>>> print(open('final-v1.tsv').read())   # TSV, C-alpha atoms
chain	number	residue	atom	x	y	z
A	1	MET	CA	-99.65	-133.79	-190.86
A	2	ASP	CA	-98.47	-131.79	-187.86
A	3	GLY	CA	-101.95	-130.69	-186.81
A	4	ARG	CA	-101.40	-126.99	-187.29
A	5	VAL	CA	-103.94	-124.78	-189.07
A	6	ALA	CA	-103.19	-121.53	-190.90
A	7	LEU	CA	-105.55	-118.80	-192.05
A	8	VAL	CA	-103.92	-117.09	-195.05
A	9	THR	CA	-105.63	-114.07	-196.56
A	10	GLY	CA	-105.39	-112.92	-200.15
A	11	VAL	CA	-105.16	-116.34	-201.80
A	12	SER	CA	-106.91	-115.47	-205.04
A	13	ARG	CA	-104.38	-115.78	-207.88
A	14	ARG	CA	-101.78	-118.42	-208.71
A	15	ALA	CA	-99.36	-115.58	-209.48
A	16	GLY	CA	-99.78	-114.05	-206.02
A	17	ILE	CA	-97.82	-114.17	-202.78
A	18	GLY	CA	-100.81	-115.55	-200.87
A	19	PHE	CA	-100.98	-118.57	-203.15
A	20	ALA	CA	-97.25	-119.21	-202.71
A	21	ILE	CA	-97.58	-118.96	-198.91
A	22	ALA	CA	-100.51	-121.36	-198.85
A	23	ARG	CA	-98.71	-123.89	-201.07
A	24	ARG	CA	-95.54	-123.82	-199.00
A	25	LEU	CA	-97.46	-124.24	-195.73
A	26	VAL	CA	-99.37	-127.16	-197.20
A	27	ALA	CA	-96.04	-128.69	-198.24
A	28	ASP	CA	-94.96	-128.37	-194.60
A	29	GLY	CA	-98.01	-130.34	-193.47
A	30	VAL	CA	-100.13	-127.38	-192.35
A	31	ARG	CA	-103.85	-127.34	-193.04
A	32	VAL	CA	-104.82	-124.08	-194.70
A	33	PHE	CA	-107.96	-121.98	-194.72
A	34	ALA	CA	-107.54	-119.68	-197.72
A	35	HIS	CA	-109.31	-116.34	-197.88
A	36	HIS	CA	-109.95	-114.60	-201.20
A	37	HIS	CA	-111.90	-111.67	-202.62
A	38	VAL	CA	-112.04	-112.26	-206.37
A	39	PRO	CA	-114.00	-109.07	-207.21
A	40	HIS	CA	-111.01	-106.98	-206.06
A	41	ASP	CA	-108.70	-108.63	-208.59
A	42	ALA	CA	-111.32	-108.59	-211.32
A	43	ASP	CA	-111.50	-104.81	-210.88
A	44	ARG	CA	-107.75	-104.32	-211.42
A	45	ASP	CA	-105.61	-104.26	-214.54
A	46	TRP	CA	-104.15	-107.69	-213.81
A	47	GLY	CA	-107.59	-109.29	-213.46
A	48	ALA	CA	-108.80	-112.35	-211.62
A	49	ASP	CA	-107.09	-115.69	-212.12
A	50	PRO	CA	-108.27	-116.90	-215.55
A	51	ALA	CA	-108.78	-120.45	-214.28
A	52	GLY	CA	-111.16	-119.36	-211.52
A	53	ILE	CA	-110.92	-119.60	-207.76
A	54	ASP	CA	-111.71	-123.32	-207.57
A	55	ALA	CA	-108.67	-124.03	-209.74
A	56	VAL	CA	-106.54	-121.78	-207.55
A	57	ILE	CA	-107.52	-123.67	-204.41
A	58	ALA	CA	-107.08	-127.03	-206.13
A	59	ALA	CA	-103.54	-125.98	-207.08
A	60	VAL	CA	-102.78	-125.14	-203.44
A	61	GLY	CA	-103.41	-128.80	-202.70
A	62	GLY	CA	-103.40	-130.44	-199.30
A	63	ASP	CA	-106.13	-130.20	-196.71
A	64	THR	CA	-107.36	-126.77	-197.76
A	65	ALA	CA	-110.68	-125.01	-197.24
A	66	HIS	CA	-111.58	-121.57	-198.56
A	67	ALA	CA	-114.12	-118.76	-198.56
A	68	GLY	CA	-114.56	-115.33	-200.07
A	69	PHE	CA	-114.87	-112.31	-197.76
A	70	ASP	CA	-114.74	-108.57	-198.39
A	71	LEU	CA	-112.38	-107.32	-195.69
A	72	ALA	CA	-113.48	-103.72	-196.26
A	73	GLN	CA	-116.51	-104.52	-194.09
A	74	PRO	CA	-115.86	-104.02	-190.35
A	75	ASP	CA	-117.53	-107.26	-189.24
A	76	THR	CA	-115.76	-109.45	-191.79
A	77	PRO	CA	-112.48	-110.16	-189.96
A	78	ALA	CA	-114.22	-111.82	-187.01
A	79	ALA	CA	-116.52	-113.73	-189.37
A	80	LEU	CA	-113.54	-114.94	-191.40
A	81	LEU	CA	-111.73	-116.20	-188.32
A	82	ASP	CA	-114.95	-117.96	-187.23
A	83	ALA	CA	-115.21	-119.63	-190.65
A	84	ALA	CA	-111.67	-120.96	-190.37
A	85	ARG	CA	-112.34	-122.28	-186.87
A	86	ALA	CA	-115.56	-123.90	-188.06
A	87	ALA	CA	-113.66	-125.67	-190.83
A	88	PHE	CA	-110.73	-126.95	-188.77
A	89	GLY	CA	-111.60	-126.46	-185.08
A	90	HIS	CA	-108.82	-123.99	-184.30
A	91	VAL	CA	-106.32	-121.63	-185.94
A	92	ASP	CA	-102.62	-121.62	-185.01
A	93	ILE	CA	-101.24	-119.29	-187.69
A	94	LEU	CA	-102.58	-116.05	-189.14
A	95	VAL	CA	-100.93	-114.57	-192.24
A	96	CYS	CA	-102.44	-111.21	-193.23
A	97	ASN	CA	-101.38	-111.15	-196.86
A	98	HIS	CA	-104.41	-109.28	-198.25
A	99	ALA	CA	-104.10	-105.74	-199.58
A	100	SER	CA	-106.25	-103.07	-201.17
A	101	SER	CA	-104.67	-101.51	-204.24
A	102	GLY	CA	-107.52	-99.25	-205.28
A	103	PRO	CA	-107.38	-95.61	-206.38
A	104	ASP	CA	-104.45	-93.76	-204.83
A	105	GLY	CA	-102.35	-90.67	-205.37
A	106	GLN	CA	-99.57	-88.40	-204.24
A	107	LEU	CA	-100.15	-85.93	-201.43
A	108	ALA	CA	-101.66	-83.30	-203.74
A	109	ASP	CA	-104.17	-85.78	-205.15
A	110	VAL	CA	-105.05	-88.16	-202.32
A	111	THR	CA	-108.59	-87.91	-200.95
A	112	ALA	CA	-110.31	-88.89	-197.72
A	113	GLU	CA	-112.08	-91.68	-199.61
A	114	MET	CA	-108.77	-93.11	-200.83
A	115	LEU	CA	-107.28	-93.01	-197.36
A	116	ASP	CA	-110.33	-94.62	-195.76
A	117	ALA	CA	-110.52	-97.39	-198.37
A	118	HIS	CA	-106.90	-98.41	-197.88
A	119	TRP	CA	-107.06	-98.08	-194.10
A	120	ALA	CA	-110.16	-100.29	-193.89
A	121	VAL	CA	-108.62	-103.23	-195.75
A	122	ASN	CA	-104.89	-103.00	-195.20
A	123	THR	CA	-104.76	-101.81	-191.60
A	124	ARG	CA	-108.09	-102.15	-189.83
A	125	ALA	CA	-108.88	-105.61	-191.16
A	126	SER	CA	-105.40	-106.89	-190.28
A	127	LEU	CA	-105.65	-105.57	-186.73
A	128	LEU	CA	-109.16	-106.96	-186.26
A	129	LEU	CA	-108.04	-110.32	-187.61
A	130	ALA	CA	-105.19	-110.31	-185.08
A	131	GLN	CA	-107.67	-109.39	-182.36
A	132	ALA	CA	-110.02	-112.24	-183.32
A	133	PHE	CA	-107.11	-114.68	-183.58
A	134	ALA	CA	-105.83	-113.75	-180.12
A	135	ARG	CA	-109.31	-113.87	-178.61
A	136	HIS	CA	-109.88	-117.44	-179.77
A	137	HIS	CA	-106.35	-118.81	-179.51
A	138	ASP	CA	-106.61	-121.80	-177.22
A	139	GLY	CA	-103.09	-121.69	-175.81
A	140	ARG	CA	-101.68	-124.32	-178.15
A	141	ALA	CA	-97.95	-123.93	-178.68
A	142	GLY	CA	-96.89	-122.22	-181.87
A	143	GLY	CA	-99.28	-119.27	-182.12
A	144	ARG	CA	-98.11	-117.06	-185.00
A	145	ILE	CA	-99.22	-113.80	-186.60
A	146	VAL	CA	-97.54	-112.36	-189.69
A	147	PHE	CA	-98.40	-108.96	-191.16
A	148	MET	CA	-97.25	-107.80	-194.59
A	149	THR	CA	-95.80	-104.39	-195.35
A	150	SER	CA	-93.97	-102.87	-198.34
A	151	GLY	CA	-90.86	-101.09	-197.10
A	152	GLN	CA	-92.45	-97.69	-196.63
A	153	ASN	CA	-89.89	-96.83	-193.95
A	154	LEU	CA	-86.98	-97.55	-196.30
A	155	GLY	CA	-87.67	-95.00	-198.98
A	156	PRO	CA	-90.34	-92.82	-200.60
A	157	MET	CA	-93.41	-94.25	-202.30
A	158	PRO	CA	-95.74	-92.17	-204.51
A	159	GLU	CA	-98.90	-93.99	-203.38
A	160	ILE	CA	-99.74	-92.12	-200.18
A	161	ALA	CA	-102.88	-94.03	-199.15
A	162	TYR	CA	-101.32	-97.45	-199.67
A	163	ALA	CA	-98.00	-96.47	-198.08
A	164	SER	CA	-99.59	-95.01	-194.97
A	165	SER	CA	-101.91	-97.98	-194.42
A	166	LYS	CA	-99.17	-100.58	-194.85
A	167	GLY	CA	-96.62	-98.53	-192.92
A	168	ALA	CA	-98.97	-98.54	-189.94
A	169	LEU	CA	-98.71	-102.32	-189.71
A	170	ALA	CA	-94.93	-102.18	-189.49
A	171	SER	CA	-95.17	-99.53	-186.78
A	172	ILE	CA	-97.67	-101.44	-184.65
A	173	THR	CA	-96.00	-104.86	-184.90
A	174	ARG	CA	-93.79	-104.41	-181.85
A	175	SER	CA	-96.71	-103.27	-179.67
A	176	ILE	CA	-98.89	-106.23	-180.57
A	177	ALA	CA	-95.96	-108.61	-180.20
A	178	ASP	CA	-95.38	-107.33	-176.67
A	179	GLU	CA	-99.05	-107.68	-175.74
A	180	LEU	CA	-99.26	-111.28	-176.98
A	181	ALA	CA	-95.80	-112.53	-175.97
A	182	ASP	CA	-96.92	-113.87	-172.58
A	183	ARG	CA	-99.47	-116.03	-174.38
A	184	GLY	CA	-96.82	-117.64	-176.55
A	185	ILE	CA	-97.96	-115.90	-179.74
A	186	THR	CA	-95.27	-114.39	-181.94
A	187	VAL	CA	-96.02	-111.37	-184.15
A	188	ASN	CA	-93.81	-110.29	-187.04
A	189	CYS	CA	-94.10	-108.21	-190.19
A	190	VAL	CA	-92.58	-109.06	-193.58
A	191	ASN	CA	-91.63	-106.67	-196.37
A	192	PRO	CA	-91.07	-108.85	-199.46
A	193	GLY	CA	-89.75	-106.00	-201.60
A	194	PRO	CA	-90.58	-105.71	-205.30
A	195	THR	CA	-92.30	-108.99	-206.14
A	196	ASP	CA	-93.44	-110.11	-209.57
A	197	THR	CA	-97.09	-110.99	-209.24
A	198	GLY	CA	-98.03	-109.81	-212.72
A	199	TRP	CA	-99.11	-106.26	-211.87
A	200	ALA	CA	-96.19	-104.19	-213.25
A	201	ASN	CA	-95.94	-102.96	-216.84
A	202	PRO	CA	-92.87	-103.91	-218.94
A	203	ALA	CA	-91.12	-100.55	-218.44
A	204	LEU	CA	-91.42	-100.71	-214.65
A	205	THR	CA	-90.44	-104.37	-214.62
A	206	ALA	CA	-87.23	-103.59	-216.51
A	207	ALA	CA	-86.40	-100.50	-214.44
A	208	VAL	CA	-86.78	-102.24	-211.09
A	209	ALA	CA	-84.87	-105.32	-212.28
A	210	GLN	CA	-81.87	-103.06	-212.86
A	211	GLN	CA	-82.00	-102.08	-209.17
A	212	MET	CA	-81.89	-105.70	-208.02
A	213	PRO	CA	-78.45	-107.37	-207.65
A	214	ALA	CA	-79.89	-110.63	-208.99
A	215	GLY	CA	-81.28	-108.82	-212.03
A	216	ARG	CA	-84.80	-109.90	-211.28
A	217	TRP	CA	-87.77	-109.06	-209.11
A	218	GLY	CA	-88.60	-111.20	-206.11
A	219	GLU	CA	-90.70	-114.27	-206.76
A	220	PRO	CA	-93.78	-115.00	-204.61
A	221	ASP	CA	-92.05	-118.07	-203.22
A	222	ASP	CA	-89.18	-115.94	-201.93
A	223	ALA	CA	-91.61	-114.34	-199.46
A	224	ALA	CA	-93.33	-117.67	-198.82
A	225	ARG	CA	-90.08	-119.32	-197.75
A	226	LEU	CA	-89.44	-116.66	-195.12
A	227	ILE	CA	-92.99	-116.75	-193.81
A	228	ALA	CA	-92.99	-120.54	-193.64
A	229	TRP	CA	-89.88	-120.32	-191.46
A	230	LEU	CA	-91.35	-117.62	-189.22
A	231	VAL	CA	-94.44	-119.69	-188.46
A	232	SER	CA	-92.49	-122.91	-187.96
A	233	GLU	CA	-91.00	-124.22	-184.75
A	234	ASP	CA	-87.62	-122.97	-185.99
A	235	GLY	CA	-88.98	-119.40	-185.93
A	236	ARG	CA	-90.25	-119.54	-182.37
A	237	TRP	CA	-87.69	-117.05	-180.99
A	238	MET	CA	-88.46	-114.31	-183.51
A	239	THR	CA	-91.10	-111.76	-182.52
A	240	GLY	CA	-91.77	-108.04	-182.79
A	241	GLN	CA	-89.64	-107.73	-185.91
A	242	VAL	CA	-90.06	-106.15	-189.34
A	243	LEU	CA	-88.08	-108.29	-191.78
A	244	ASN	CA	-87.05	-106.69	-195.05
A	245	SER	CA	-86.53	-109.53	-197.51
A	246	GLU	CA	-85.76	-107.57	-200.67
A	247	GLY	CA	-82.87	-109.36	-202.36
A	248	GLY	CA	-80.61	-106.32	-201.93
A	249	PHE	CA	-83.00	-103.89	-203.69
A	250	ARG	CA	-81.09	-100.66	-204.38
A	251	ARG	CA	-83.48	-97.74	-204.14
>>> encode(input="final-v1.tsv", output="structure tokens")
Amino acid sequence: MDGRVALVTGVSRRAGIGFAIARRLVADGVRVFAHHHVPHDADRDWGADPAGIDAVIAAVGGDTAHAGFDLAQPDTPAALLDAARAAFGHVDILVCNHASSGPDGQLADVTAEMLDAHWAVNTRASLLLAQAFARHHDGRAGGRIVFMTSGQNLGPMPEIAYASSKGALASITRSIADELADRGITVNCVNPGPTDTGWANPALTAAVAQQMPAGRWGEPDDAARLIAWLVSEDGRWMTGQVLNSEGGFRR
């Protein structure tokens, strides 16, 4: 064990990126506090993990604690950070992997409710988590924040609410990195590109695979490997960056 503690959000399905991140960090000796919000997945076409959240956390392994929080609520980010601190005493690493993928639309169809719902979870909650992390960071070496985006600046996306909320995180990364640099906290943003987490239908899966040089979508562990490096000692000199890890995706 190296004594570090990570709060990873969106660890609710074994097929997801959050699960892969948590597992890789545990393999690196990091203690993990895993956040999840099972009702969100249960509401979507892909559904909640069929084995249940306890099985998901057990499969993460290691010294892992967990709790469910609805990040759409404005007070939840601070409460989540407090829960992680209560479990392990401190938090060194924050990975904001959560995302809202609720009703969305193109410009002609998007509504204020859609925009607000995506903003609240994807953007506001991530920023408030970063705020709470920075407020309580005790000056230990190796402070890390990682946001997740989806390549909105690289090409068009039809989901306006989702794209705008995630794009905001990429745009604000450099500003937050500059503010926290003097405290030894790095801040980066990762775009994992098309990743197979079980949400795409067969037609979309086949179409996107043809645009990938490797002939396949990204795997959750592809993103996890990059994030594990960013939050490690080896990644200490990287901050304020948006890293597009897409396997050569040809739009």
>>> closest_atom_pairs(input="final-v1.tsv", of="range 95-203 of chain A", to="range 33-39 of chain A", cutoff="12 Å", atoms="all atoms listed in the file", output="JSON lines")
{"residue": "A:Val95", "atom": "CA", "partner": "A:Ala34", "partner_atom": "CA", "distance": 10.0}
{"residue": "A:Cys96", "atom": "CA", "partner": "A:His35", "partner_atom": "CA", "distance": 9.8}
{"residue": "A:Asn97", "atom": "CA", "partner": "A:His35", "partner_atom": "CA", "distance": 9.5}
{"residue": "A:His98", "atom": "CA", "partner": "A:His36", "partner_atom": "CA", "distance": 8.2}
{"residue": "A:Ala99", "atom": "CA", "partner": "A:His37", "partner_atom": "CA", "distance": 10.3}
{"residue": "A:Ser100", "atom": "CA", "partner": "A:His37", "partner_atom": "CA", "distance": 10.4}
{"residue": "A:Gly102", "atom": "CA", "partner": "A:Pro39", "partner_atom": "CA", "distance": 11.9}
{"residue": "A:Val121", "atom": "CA", "partner": "A:His37", "partner_atom": "CA", "distance": 11.4}
{"residue": "A:Leu129", "atom": "CA", "partner": "A:His35", "partner_atom": "CA", "distance": 12.0}
>>> residues_around(input="final-v1.tsv", residues="Ala120 in chain A", least_positions_apart="5", cutoff="10 Å", atoms="all atoms listed in the file", output="number ranges by chain")
A: 71-74, 99-100, 115, 125-127, 165
>>> atom_distance(input="final-v1.tsv", atom1="CA of Arg135 in chain A", atom2="CA of Ser164 in chain A")
26.8 Å
>>> closest_residue(input="final-v1.tsv", among="A:Asp45, A:Glu113, A:Asp138, A:Asp63", to="His90 in chain A", atoms="all atoms listed in the file")
A:Asp138
>>> residues_around(input="final-v1.tsv", residues="Gly62 in chain A", least_positions_apart="2", cutoff="9 Å", atoms="all atoms listed in the file", output="PyMOL selection string")
chain A and resi 23+26-27+29-32+58-60+64
>>> atom_distance(input="final-v1.tsv", atom1="CA of Phe19 in chain A", atom2="CA of Arg140 in chain A")
25.7 Å
>>> closest_residue(input="final-v1.tsv", among="A:Gly52, A:Gly235, A:Gly218, A:Gly167", to="Thr197 in chain A", atoms="all atoms listed in the file")
A:Gly218
>>> residues_around(input="final-v1.tsv", residues="Val146 in chain A", least_positions_apart="5", cutoff="8 Å", atoms="only C-alpha atoms", output="ChimeraX atom specification")
/A:94-96,187-190,227
>>> build_atoms(input="final-v1.tsv", residues="range 138-167 of chain A", atoms="N, CA and C atoms", output="JSON list (two decimals), keeping the file's coordinate frame")
[["chain", "number", "residue", "atom", "x", "y", "z"],
["A", 138, "ASP", "N", -106.32, -120.91, -178.35],
["A", 138, "ASP", "CA", -106.61, -121.80, -177.22],
["A", 138, "ASP", "C", -105.39, -122.14, -176.38],
["A", 139, "GLY", "N", -104.28, -121.44, -176.60],
["A", 139, "GLY", "CA", -103.09, -121.69, -175.81],
["A", 139, "GLY", "C", -102.19, -122.76, -176.37],
["A", 140, "ARG", "N", -102.56, -123.34, -177.51],
["A", 140, "ARG", "CA", -101.68, -124.32, -178.15],
["A", 140, "ARG", "C", -100.33, -123.68, -178.47],
["A", 141, "ALA", "N", -99.28, -124.45, -178.36],
["A", 141, "ALA", "CA", -97.95, -123.93, -178.68],
["A", 141, "ALA", "C", -97.88, -123.58, -180.16],
["A", 142, "GLY", "N", -97.12, -122.56, -180.47],
["A", 142, "GLY", "CA", -96.89, -122.22, -181.87],
["A", 142, "GLY", "C", -97.83, -121.19, -182.45],
["A", 143, "GLY", "N", -98.43, -120.34, -181.61],
["A", 143, "GLY", "CA", -99.28, -119.27, -182.12],
["A", 143, "GLY", "C", -98.45, -118.27, -182.91],
["A", 144, "ARG", "N", -98.88, -117.94, -184.12],
["A", 144, "ARG", "CA", -98.11, -117.06, -185.00],
["A", 144, "ARG", "C", -99.03, -116.07, -185.71],
["A", 145, "ILE", "N", -98.58, -114.81, -185.78],
["A", 145, "ILE", "CA", -99.22, -113.80, -186.60],
["A", 145, "ILE", "C", -98.16, -113.17, -187.48],
["A", 146, "VAL", "N", -98.45, -113.03, -188.76],
["A", 146, "VAL", "CA", -97.54, -112.36, -189.69],
["A", 146, "VAL", "C", -98.32, -111.29, -190.45],
["A", 147, "PHE", "N", -97.88, -110.05, -190.35],
["A", 147, "PHE", "CA", -98.40, -108.96, -191.16],
["A", 147, "PHE", "C", -97.50, -108.79, -192.39],
["A", 148, "MET", "N", -98.03, -108.10, -193.38],
["A", 148, "MET", "CA", -97.25, -107.80, -194.59],
["A", 148, "MET", "C", -97.19, -106.30, -194.80],
["A", 149, "THR", "N", -95.99, -105.80, -195.05],
["A", 149, "THR", "CA", -95.80, -104.39, -195.35],
["A", 149, "THR", "C", -95.02, -104.27, -196.66],
["A", 150, "SER", "N", -94.60, -103.06, -197.02],
["A", 150, "SER", "CA", -93.97, -102.87, -198.34],
["A", 150, "SER", "C", -92.76, -101.95, -198.30],
["A", 151, "GLY", "N", -92.09, -101.86, -197.18],
["A", 151, "GLY", "CA", -90.86, -101.09, -197.10],
["A", 151, "GLY", "C", -91.04, -99.58, -197.11],
["A", 152, "GLN", "N", -92.19, -99.13, -196.61],
["A", 152, "GLN", "CA", -92.45, -97.69, -196.63],
["A", 152, "GLN", "C", -91.44, -96.90, -195.81],
["A", 153, "ASN", "N", -90.86, -97.52, -194.81],
["A", 153, "ASN", "CA", -89.89, -96.83, -193.95],
["A", 153, "ASN", "C", -88.49, -96.82, -194.54],
["A", 154, "LEU", "N", -88.30, -97.45, -195.70],
["A", 154, "LEU", "CA", -86.98, -97.55, -196.30],
["A", 154, "LEU", "C", -86.75, -96.56, -197.42],
["A", 155, "GLY", "N", -87.80, -95.96, -197.90],
["A", 155, "GLY", "CA", -87.67, -95.00, -198.98],
["A", 155, "GLY", "C", -89.03, -94.47, -199.39],
["A", 156, "PRO", "N", -89.06, -93.43, -200.22],
["A", 156, "PRO", "CA", -90.34, -92.82, -200.60],
["A", 156, "PRO", "C", -91.16, -93.71, -201.52],
["A", 157, "MET", "N", -92.47, -93.59, -201.40],
["A", 157, "MET", "CA", -93.41, -94.25, -202.30],
["A", 157, "MET", "C", -94.42, -93.21, -202.75],
["A", 158, "PRO", "N", -94.81, -93.20, -204.02],
["A", 158, "PRO", "CA", -95.74, -92.17, -204.51],
["A", 158, "PRO", "C", -97.19, -92.43, -204.13],
["A", 159, "GLU", "N", -97.50, -93.66, -203.70],
["A", 159, "GLU", "CA", -98.90, -93.99, -203.38],
["A", 159, "GLU", "C", -99.14, -93.74, -201.89],
["A", 160, "ILE", "N", -99.64, -92.56, -201.57],
["A", 160, "ILE", "CA", -99.74, -92.12, -200.18],
["A", 160, "ILE", "C", -100.71, -92.96, -199.37],
["A", 161, "ALA", "N", -101.88, -93.27, -199.91],
["A", 161, "ALA", "CA", -102.88, -94.03, -199.15],
["A", 161, "ALA", "C", -102.38, -95.44, -198.85],
["A", 162, "TYR", "N", -101.84, -96.10, -199.86],
["A", 162, "TYR", "CA", -101.32, -97.45, -199.67],
["A", 162, "TYR", "C", -100.14, -97.44, -198.71],
["A", 163, "ALA", "N", -99.21, -96.52, -198.92],
["A", 163, "ALA", "CA", -98.00, -96.47, -198.08],
["A", 163, "ALA", "C", -98.33, -96.21, -196.62],
["A", 164, "SER", "N", -99.26, -95.32, -196.36],
["A", 164, "SER", "CA", -99.59, -95.01, -194.97],
["A", 164, "SER", "C", -100.30, -96.18, -194.30],
["A", 165, "SER", "N", -101.17, -96.87, -195.03],
["A", 165, "SER", "CA", -101.91, -97.98, -194.42],
["A", 165, "SER", "C", -101.01, -99.17, -194.15],
["A", 166, "LYS", "N", -100.09, -99.46, -195.05],
["A", 166, "LYS", "CA", -99.17, -100.58, -194.85],
["A", 166, "LYS", "C", -98.07, -100.23, -193.84],
["A", 167, "GLY", "N", -97.62, -98.96, -193.88],
["A", 167, "GLY", "CA", -96.62, -98.53, -192.92],
["A", 167, "GLY", "C", -97.11, -98.63, -191.49]]
